[in-house]
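Just below is one structure, and these are the notes that go with it.
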Amino acid sequence: MELIQIRSGLYLKEMKNIEALSVGAGISFDPVQFDLSYLSFIDQAKQKGNISINTFKSASFTDIDYTPFTSDRISFSTYIHLGRTKESLARIEYVEMLSEVFTASYQIYAFRPLGKARVRNISSKPIDAKVSFFISELMNAPTETRSYSIAPDETIEIPFFAVFSDLITDVKKFSIYDGTVYVNAEIASDYDDRYQTRVLVRGRNDWDGDVMLLRYFVTPDDPDVIKFTRAILSSNKAYLDSIPTVMQNFEKAKVIFNSMAERLQYVRDPKKSKDFVQYPSETIALHGGDCDDITVCYSSLLMSVGISTAFIDVIPPQNPEDSHIYMMFDTGIDPKEAHNLSENSKRYIIRKNDRGNETVWIALETTAITKGFEDAWNIGAQAYLQDAEINLGKLKGWMRVVDVQSTN
Amino acid sequence: MKKTIYYLLILTLTSLSYGADIKIVAVKGTAMVRHNIQEEWKTVSVGDVLKPEDSIELKRKSSVTILLDGMKKLTIPEFVIIDLSDLRMLTQEELLLKLAMEKVRSVPTRDDDGKLLIPTTTTVHGTNKESTPTPQSIVSDNGLMQLNGTKVLYENRFYATCVLKAKEVFRLNPELAVNVETRLMVANALEKMNLKTEALSEYIELSSEKLSQTQRSFIEHRIEQLKTAEEK
């Protein structure tokens, strides 16, 4: 339902005497509109049956609906709008979708363009056009762009975004949805043009291989994750109580890793595929996962006890197919206390934490989970030494360290 | 042209001095090696072949001569620890990137504004260990030997790795950061790398330290000269 209208009116003779009253109401359901009205004459009694043919002939009237001989009446009318009468000011020439939608990181599409629309000003004056995008099943409302000024006959590309609702997390597998792109060149008016497009939406476990987006799978606030770490820390309480404060984070990380090693199994991914990642609760429930799953799970577990983590993404330039992800965590230890961990500074990394303080970080190869913490540390430290220091991977851009911050 | 030759020379030296094995050709006294990320030191002998990921340690009254890539001989003096991966030339760009990376993280820092963070995390409450005494910071032989290693790097024109290693040693051993001579060496190494702005910052920072009259007048002179050069 779009609109309800209520009307009333007076009919005057020579702007002096009131001859009739009218009231009416209308309701419209685009494109249909219904009207109901009632017309009543004040002096109608004199007119009924008393009018001669000569009087009628001599009367001059121009409106067949309203004459001195019209009786009171109720009228009901229906209108159907068969076509748009609004003159379009802008036209969408084409729409290009820039990426698929990855459900796990759906929040990013509010800031990263999902697509772009090529819009032409088809009017003879400059316009301010906005583009909006909508998928009815996955969004609460269309997401609108800012206003773009377009000169007459000019065509510009307008990137558009999408604010998805939580419903998108219910998408389990790769699906295709209909998306609609609108262009609107006037404030508070109907759209000028629309364009239907197909949108590919990946399932909740799909990942595009970008390490920056892997952190969206890290869920330290997940009850299953908290339950898991709480159980581990509680069962090691006596041991952890005996550890000096400076070593607390390190020992907690060690205890959690070794407990994880007892319960989870590393499963080598035969296809080396990077497109499926388990959420930590799934890895815990399934008692295992591949490289990405274990790294995401361990990162979540550490973050659930307040330990910061970072992913290390390595794509060797000679063999990009051997790309690999491992991780590091913040021991919270001041660099001048690093000797508590090791005399060999190649076993740790000094870097800033999320508060801007330099602390000692430990690199871990999480796929070595079955070998225990010490071996995972050895392998991680060696890998970092080779990748970052010997081969200068970070400088050359084929190695990245991405801090993980909770996105939940 | 001059600049091109400089970079070509550096690239050549980089490839010559790196990526290959390092051979021990002479040992006097006690020389030790620590392989890769291992903790323990082992004695080295003439003929041993080391890798860039290894470290070498020279006790007092000891020295070792190594052959880099079968071409360049280098003698490491007593009381020094040196990471063999530092025996290489880095370009000015690589040094700048390394220095910048130490300051910048891959994501913006959270704006905590100094507020108390209430963790939404699992916590096991137990004995308060805050009172546990932490070891007193003392100038360790390890730190001093590493600092001496930076001098070896400087003397052998490995200016970039000299700067980076010195900064790392200062972070691990803050008590060594007051060593004016080494910091002057770092500033000078930056100048040698033609990083005048960075060198100027080092000298300005140094000028607020406790200095001898000679050191102060030298630093003031360098600051003045670098500022003049910057203005030009």
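Going through the structure tokens in order, the chains are called A, B, and so on, while each chain numbers its residues from 1 and the ligands are numbered from 1 in the order shown.
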
*Neighbours of range 50-63 of chain B within 10 Å (only C-alpha atoms; same-chain residues fewer than 6 positions away dropped), as a count of residues only?*
50

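Using only C-alpha atoms, the protein and nucleic acid residues lying no more than 10 Å from range 214-220 of chain B, apart from those fewer than 6 places from it along its own chain, are Val180, Glu181, Leu184, Ala187, Leu200, Glu202, Tyr203, Ile204, Leu206, Ser207, Ser208 and Leu226 of chain B.
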
Atoms kept (all heavy atoms) for selection, written as a short mmCIF file (atom, residue, chain, number, x, y, z; two decimals), in the first residue's frame:
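And here is the file that came out, result.cif:
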data_model
loop_
_atom_site.label_atom_id
_atom_site.label_comp_id
_atom_site.auth_asym_id
_atom_site.auth_seq_id
_atom_site.Cartn_x
_atom_site.Cartn_y
_atom_site.Cartn_z
N VAL B 180 77.76 5.92 22.87
CA VAL B 180 77.78 7.02 21.89
C VAL B 180 78.60 6.64 20.64
O VAL B 180 78.21 6.94 19.51
CB VAL B 180 78.30 8.31 22.54
CG1 VAL B 180 78.42 9.42 21.51
CG2 VAL B 180 77.40 8.73 23.68
N GLU B 181 79.71 5.96 20.88
CA GLU B 181 80.59 5.61 19.75
C GLU B 181 79.84 4.78 18.71
O GLU B 181 79.95 5.03 17.50
CB GLU B 181 81.82 4.81 20.26
CG GLU B 181 82.80 5.64 21.08
CD GLU B 181 83.36 6.82 20.28
OE1 GLU B 181 83.58 6.66 19.06
OE2 GLU B 181 83.57 7.89 20.88
N LEU B 184 77.26 6.85 16.93
CA LEU B 184 77.93 7.70 15.92
C LEU B 184 78.24 6.88 14.68
O LEU B 184 78.10 7.36 13.54
CB LEU B 184 79.22 8.29 16.51
CG LEU B 184 79.06 9.55 17.36
CD1 LEU B 184 80.39 9.90 18.03
CD2 LEU B 184 78.59 10.73 16.51
N ALA B 187 75.06 6.52 12.70
CA ALA B 187 74.75 7.76 11.96
C ALA B 187 75.65 7.89 10.75
O ALA B 187 75.21 8.25 9.65
CB ALA B 187 74.90 8.96 12.88
N LEU B 200 70.74 12.62 9.90
CA LEU B 200 70.50 13.85 10.66
C LEU B 200 69.66 13.55 11.92
O LEU B 200 69.97 14.04 13.02
CB LEU B 200 69.78 14.88 9.77
CG LEU B 200 69.46 16.22 10.41
CD1 LEU B 200 70.72 16.94 10.88
CD2 LEU B 200 68.69 17.12 9.43
N GLU B 202 69.51 10.78 13.55
CA GLU B 202 70.38 10.08 14.51
C GLU B 202 71.25 11.07 15.27
O GLU B 202 71.38 10.99 16.49
CB GLU B 202 71.27 9.07 13.77
CG GLU B 202 70.59 7.79 13.36
CD GLU B 202 70.20 6.90 14.53
OE1 GLU B 202 70.88 6.93 15.60
OE2 GLU B 202 69.19 6.21 14.41
N TYR B 203 71.85 12.01 14.54
CA TYR B 203 72.74 13.00 15.19
C TYR B 203 71.93 13.88 16.15
O TYR B 203 72.41 14.19 17.25
CB TYR B 203 73.42 13.88 14.13
CG TYR B 203 74.56 13.18 13.41
CD1 TYR B 203 74.57 13.07 12.02
CD2 TYR B 203 75.66 12.67 14.12
CE1 TYR B 203 75.61 12.45 11.35
CE2 TYR B 203 76.71 12.03 13.45
CZ TYR B 203 76.68 11.93 12.07
OH TYR B 203 77.71 11.30 11.43
N ILE B 204 70.72 14.26 15.72
CA ILE B 204 69.89 15.12 16.60
C ILE B 204 69.53 14.36 17.88
O ILE B 204 69.61 14.91 18.98
CB ILE B 204 68.63 15.61 15.85
CG1 ILE B 204 69.05 16.62 14.78
CG2 ILE B 204 67.63 16.24 16.80
CD1 ILE B 204 67.96 17.04 13.82
N LEU B 206 71.21 11.97 19.19
CA LEU B 206 72.46 11.83 19.95
C LEU B 206 72.82 13.09 20.71
O LEU B 206 73.38 13.04 21.81
CB LEU B 206 73.62 11.50 18.98
CG LEU B 206 74.06 10.04 18.90
CD1 LEU B 206 75.05 9.87 17.77
CD2 LEU B 206 74.67 9.57 20.21
N SER B 207 72.49 14.22 20.13
CA SER B 207 72.89 15.50 20.74
C SER B 207 72.26 15.72 22.11
O SER B 207 72.73 16.52 22.91
CB SER B 207 72.54 16.67 19.81
OG SER B 207 71.15 16.74 19.67
N SER B 208 71.16 14.96 22.40
CA SER B 208 70.54 15.12 23.72
C SER B 208 71.14 14.16 24.75
O SER B 208 70.71 14.14 25.90
CB SER B 208 69.03 14.91 23.61
OG SER B 208 68.78 13.61 23.12
N LEU B 226 74.72 18.67 7.63
CA LEU B 226 73.61 17.93 7.01
C LEU B 226 72.41 18.84 6.77
O LEU B 226 71.71 18.70 5.76
CB LEU B 226 73.21 16.74 7.90
CG LEU B 226 74.19 15.55 7.87
CD1 LEU B 226 73.88 14.55 8.97
CD2 LEU B 226 74.17 14.85 6.52
#

*Pick out the residues sitting within 12 Å of Ile156 in chain A, and hand them over as a ChimeraX atom specification; count only C-alpha atoms, and ignore anything fewer than 5 positions along from it in its own chain.*
/A:90-95,116-121,127-131,148-151

*For Leu195 in chain B, list every protein, DNA or RNA residue within 10 Å, evaluated using only C-alpha atoms, and leave out those in the same chain fewer than 4 positions away; present the list as a PyMOL selection string.*
chain B and resi 92-93+95-96+187-191+199-200

Take the residues from that selection and put them in a file with N, CA and C atoms, as a compact mmCIF listing (two decimals), in the first residue's frame.
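Listed below is the output, out.txt:
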# COMPACT_ATOMS: atom_id res chain seq x y z
N GLN B 92 70.10 0.95 -0.76
CA GLN B 92 69.54 2.05 0.03
C GLN B 92 68.02 1.84 0.22
N GLU B 93 67.36 1.41 -0.86
CA GLU B 93 65.91 1.17 -0.80
C GLU B 93 65.57 0.07 0.19
N LEU B 95 67.31 -0.90 2.75
CA LEU B 95 67.53 -0.43 4.11
C LEU B 95 66.37 0.46 4.57
N LEU B 96 65.96 1.35 3.70
CA LEU B 96 64.85 2.24 4.05
C LEU B 96 63.58 1.45 4.36
N ALA B 187 75.06 6.52 12.70
CA ALA B 187 74.75 7.76 11.96
C ALA B 187 75.65 7.89 10.75
N ASN B 188 76.91 7.54 10.95
CA ASN B 188 77.87 7.63 9.85
C ASN B 188 77.56 6.61 8.75
N ALA B 189 77.14 5.40 9.19
CA ALA B 189 76.77 4.37 8.20
C ALA B 189 75.58 4.85 7.37
N LEU B 190 74.65 5.54 8.01
CA LEU B 190 73.50 6.08 7.27
C LEU B 190 73.97 7.12 6.25
N GLU B 191 74.94 7.91 6.67
CA GLU B 191 75.51 8.90 5.73
C GLU B 191 76.16 8.19 4.54
N ALA B 199 70.31 10.11 8.84
CA ALA B 199 71.55 10.37 9.58
C ALA B 199 71.38 11.61 10.47
N LEU B 200 70.74 12.62 9.90
CA LEU B 200 70.50 13.85 10.66
C LEU B 200 69.66 13.55 11.92

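As for CA of Glu251 in chain A and CA of Asp141 in chain B, they are spaced 27.6 Å apart.
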
*Residue set, range 71-280 of chain A restricted to helix (DSSP H, G or I), as a PyMOL selection string*: chain A and resi 103-110+166-170+211-217+223-235+237-241+245-263+280

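A straight line drawn from CA of Leu213 in chain A to CA of Thr370 in chain A is 26.7 Å long.
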
*Kindly give the distance, in Å, that separates CA of Leu67 in chain B and CA of Tyr159 in chain B, rounded to a single decimal.*
19.3 Å

*Hey, what's within 8 Å of Asn378 in chain A if we count only C-alpha atoms and toss same-chain stuff fewer than 2 positions away? As a list of chain:residue names, please?*
A:Arg347, A:Leu364, A:Glu374, A:Asp375, A:Ala376, A:Gly380, A:Ala381, A:Gln382, B:Ile37

Restricted to all heavy atoms, what would the selected residues look like written as an mmCIF file, in the first residue's frame?
data_model
loop_
_atom_site.group_PDB
_atom_site.id
_atom_site.type_symbol
_atom_site.label_atom_id
_atom_site.label_comp_id
_atom_site.auth_asym_id
_atom_site.auth_seq_id
_atom_site.Cartn_x
_atom_site.Cartn_y
_atom_site.Cartn_z
ATOM 1 N N ARG A 347 65.419 -17.069 16.989
ATOM 2 C CA ARG A 347 64.257 -17.885 17.369
ATOM 3 C C ARG A 347 63.017 -17.045 17.641
ATOM 4 O O ARG A 347 61.945 -17.580 17.910
ATOM 5 C CB ARG A 347 64.587 -18.728 18.614
ATOM 6 C CG ARG A 347 65.614 -19.816 18.333
ATOM 7 C CD ARG A 347 65.894 -20.635 19.573
ATOM 8 N NE ARG A 347 64.730 -21.392 20.028
ATOM 9 C CZ ARG A 347 64.352 -22.550 19.526
ATOM 10 N NH1 ARG A 347 65.048 -23.083 18.531
ATOM 11 N NH2 ARG A 347 63.305 -23.184 19.994
ATOM 12 N N LEU A 364 55.242 -19.914 14.606
ATOM 13 C CA LEU A 364 54.919 -21.332 14.787
ATOM 14 C C LEU A 364 54.431 -21.926 13.474
ATOM 15 O O LEU A 364 53.639 -21.298 12.771
ATOM 16 C CB LEU A 364 53.790 -21.506 15.802
ATOM 17 C CG LEU A 364 54.086 -21.423 17.293
ATOM 18 C CD1 LEU A 364 52.818 -21.754 18.056
ATOM 19 C CD2 LEU A 364 55.194 -22.350 17.709
ATOM 20 N N GLU A 374 57.408 -27.372 20.780
ATOM 21 C CA GLU A 374 58.829 -27.079 20.544
ATOM 22 C C GLU A 374 59.196 -27.247 19.077
ATOM 23 O O GLU A 374 59.887 -26.397 18.495
ATOM 24 C CB GLU A 374 59.716 -27.987 21.414
ATOM 25 C CG GLU A 374 59.697 -27.661 22.903
ATOM 26 C CD GLU A 374 60.243 -26.257 23.220
ATOM 27 O OE1 GLU A 374 61.110 -25.762 22.475
ATOM 28 O OE2 GLU A 374 59.761 -25.666 24.206
ATOM 29 N N ASP A 375 58.747 -28.349 18.488
ATOM 30 C CA ASP A 375 59.064 -28.594 17.076
ATOM 31 C C ASP A 375 58.363 -27.572 16.180
ATOM 32 O O ASP A 375 58.938 -27.098 15.190
ATOM 33 C CB ASP A 375 58.645 -30.008 16.665
ATOM 34 C CG ASP A 375 59.703 -31.024 17.065
ATOM 35 O OD1 ASP A 375 60.715 -30.601 17.674
ATOM 36 O OD2 ASP A 375 59.524 -32.227 16.793
ATOM 37 N N ALA A 376 57.114 -27.254 16.542
ATOM 38 C CA ALA A 376 56.375 -26.265 15.745
ATOM 39 C C ALA A 376 57.091 -24.913 15.800
ATOM 40 O O ALA A 376 57.149 -24.172 14.810
ATOM 41 C CB ALA A 376 54.947 -26.139 16.257
ATOM 42 N N GLY A 380 58.807 -23.134 12.650
ATOM 43 C CA GLY A 380 58.309 -21.779 12.377
ATOM 44 C C GLY A 380 59.437 -20.758 12.383
ATOM 45 O O GLY A 380 59.516 -19.891 11.500
ATOM 46 N N ALA A 381 60.327 -20.863 13.374
ATOM 47 C CA ALA A 381 61.445 -19.913 13.475
ATOM 48 C C ALA A 381 62.382 -20.044 12.276
ATOM 49 O O ALA A 381 62.854 -19.048 11.724
ATOM 50 C CB ALA A 381 62.199 -20.138 14.774
ATOM 51 N N GLN A 382 62.643 -21.293 11.881
ATOM 52 C CA GLN A 382 63.518 -21.523 10.710
ATOM 53 C C GLN A 382 62.892 -20.959 9.445
ATOM 54 O O GLN A 382 63.568 -20.331 8.631
ATOM 55 C CB GLN A 382 63.734 -23.023 10.521
ATOM 56 C CG GLN A 382 64.922 -23.551 11.292
ATOM 57 C CD GLN A 382 65.227 -24.991 10.918
ATOM 58 O OE1 GLN A 382 65.373 -25.309 9.743
ATOM 59 N NE2 GLN A 382 65.325 -25.841 11.910
ATOM 60 N N ILE B 37 68.803 -21.886 13.946
ATOM 61 C CA ILE B 37 68.091 -21.405 15.139
ATOM 62 C C ILE B 37 68.463 -22.207 16.389
ATOM 63 O O ILE B 37 67.803 -22.097 17.425
ATOM 64 C CB ILE B 37 66.568 -21.496 14.928
ATOM 65 C CG1 ILE B 37 66.176 -22.929 14.571
ATOM 66 C CG2 ILE B 37 66.104 -20.547 13.845
ATOM 67 C CD1 ILE B 37 64.822 -23.315 15.073
#

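You can rank A:Val296, A:Ile333, A:Ile168, A:Leu233 by their closest distance to chain B using only C-alpha atoms, and at the top of that list sits A:Leu233.
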
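Among the candidates A:Asp241, A:Glu262, A:Glu282, A:Asp292, the one nearest to chain B when counting only C-alpha atoms is A:Asp241.
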
*Near Phe311 in chain A, within 8 Å and counting only C-alpha atoms, which residues show up once chain neighbours fewer than 3 positions away are dropped, as number ranges by chain?*
A: 211, 325-328, 400-404

Write out the residues from the selection above, keeping N, CA, C and O atoms, as a PDB file, in the first residue's frame.
ATOM      1  N   VAL A 211      45.048 -13.639   2.375  1.00  0.00           N
ATOM      2  CA  VAL A 211      45.309 -13.797   3.811  1.00  0.00           C
ATOM      3  C   VAL A 211      44.645 -12.693   4.631  1.00  0.00           C
ATOM      4  O   VAL A 211      44.288 -12.897   5.797  1.00  0.00           O
ATOM      5  N   ILE A 325      50.763 -20.758   4.632  1.00  0.00           N
ATOM      6  CA  ILE A 325      50.451 -19.836   5.731  1.00  0.00           C
ATOM      7  C   ILE A 325      50.867 -20.461   7.057  1.00  0.00           C
ATOM      8  O   ILE A 325      50.564 -21.625   7.321  1.00  0.00           O
ATOM      9  N   TYR A 326      51.612 -19.711   7.847  1.00  0.00           N
ATOM     10  CA  TYR A 326      51.839 -20.114   9.222  1.00  0.00           C
ATOM     11  C   TYR A 326      51.564 -18.890  10.093  1.00  0.00           C
ATOM     12  O   TYR A 326      50.968 -17.924   9.604  1.00  0.00           O
ATOM     13  N   MET A 327      51.906 -18.915  11.345  1.00  0.00           N
ATOM     14  CA  MET A 327      51.465 -17.801  12.186  1.00  0.00           C
ATOM     15  C   MET A 327      52.503 -17.426  13.243  1.00  0.00           C
ATOM     16  O   MET A 327      53.504 -18.120  13.426  1.00  0.00           O
ATOM     17  N   MET A 328      52.274 -16.316  13.900  1.00  0.00           N
ATOM     18  CA  MET A 328      53.115 -15.938  15.038  1.00  0.00           C
ATOM     19  C   MET A 328      52.199 -15.377  16.127  1.00  0.00           C
ATOM     20  O   MET A 328      51.069 -14.972  15.862  1.00  0.00           O
ATOM     21  N   ARG A 400      54.091 -11.761   3.608  1.00  0.00           N
ATOM     22  CA  ARG A 400      53.307 -10.743   4.324  1.00  0.00           C
ATOM     23  C   ARG A 400      53.011 -11.211   5.738  1.00  0.00           C
ATOM     24  O   ARG A 400      52.747 -12.396   5.961  1.00  0.00           O
ATOM     25  N   VAL A 401      53.050 -10.273   6.659  1.00  0.00           N
ATOM     26  CA  VAL A 401      52.623 -10.573   8.025  1.00  0.00           C
ATOM     27  C   VAL A 401      51.370  -9.738   8.283  1.00  0.00           C
ATOM     28  O   VAL A 401      51.404  -8.513   8.189  1.00  0.00           O
ATOM     29  N   VAL A 402      50.278 -10.427   8.553  1.00  0.00           N
ATOM     30  CA  VAL A 402      48.991  -9.735   8.715  1.00  0.00           C
ATOM     31  C   VAL A 402      48.488  -9.935  10.142  1.00  0.00           C
ATOM     32  O   VAL A 402      48.228 -11.063  10.567  1.00  0.00           O
ATOM     33  N   ASP A 403      48.368  -8.842  10.855  1.00  0.00           N
ATOM     34  CA  ASP A 403      47.869  -8.945  12.223  1.00  0.00           C
ATOM     35  C   ASP A 403      46.406  -9.346  12.223  1.00  0.00           C
ATOM     36  O   ASP A 403      45.618  -8.869  11.412  1.00  0.00           O
ATOM     37  N   VAL A 404      46.079 -10.220  13.145  1.00  0.00           N
ATOM     38  CA  VAL A 404      44.694 -10.696  13.228  1.00  0.00           C
ATOM     39  C   VAL A 404      43.983  -9.931  14.318  1.00  0.00           C
ATOM     40  O   VAL A 404      44.427  -9.916  15.458  1.00  0.00           O
TER      41      VAL A 404
END

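Nearest residue to chain A, choosing from B:Asp48, B:Glu94, B:Asp69, B:Glu198 and counting only C-alpha atoms: B:Glu94.
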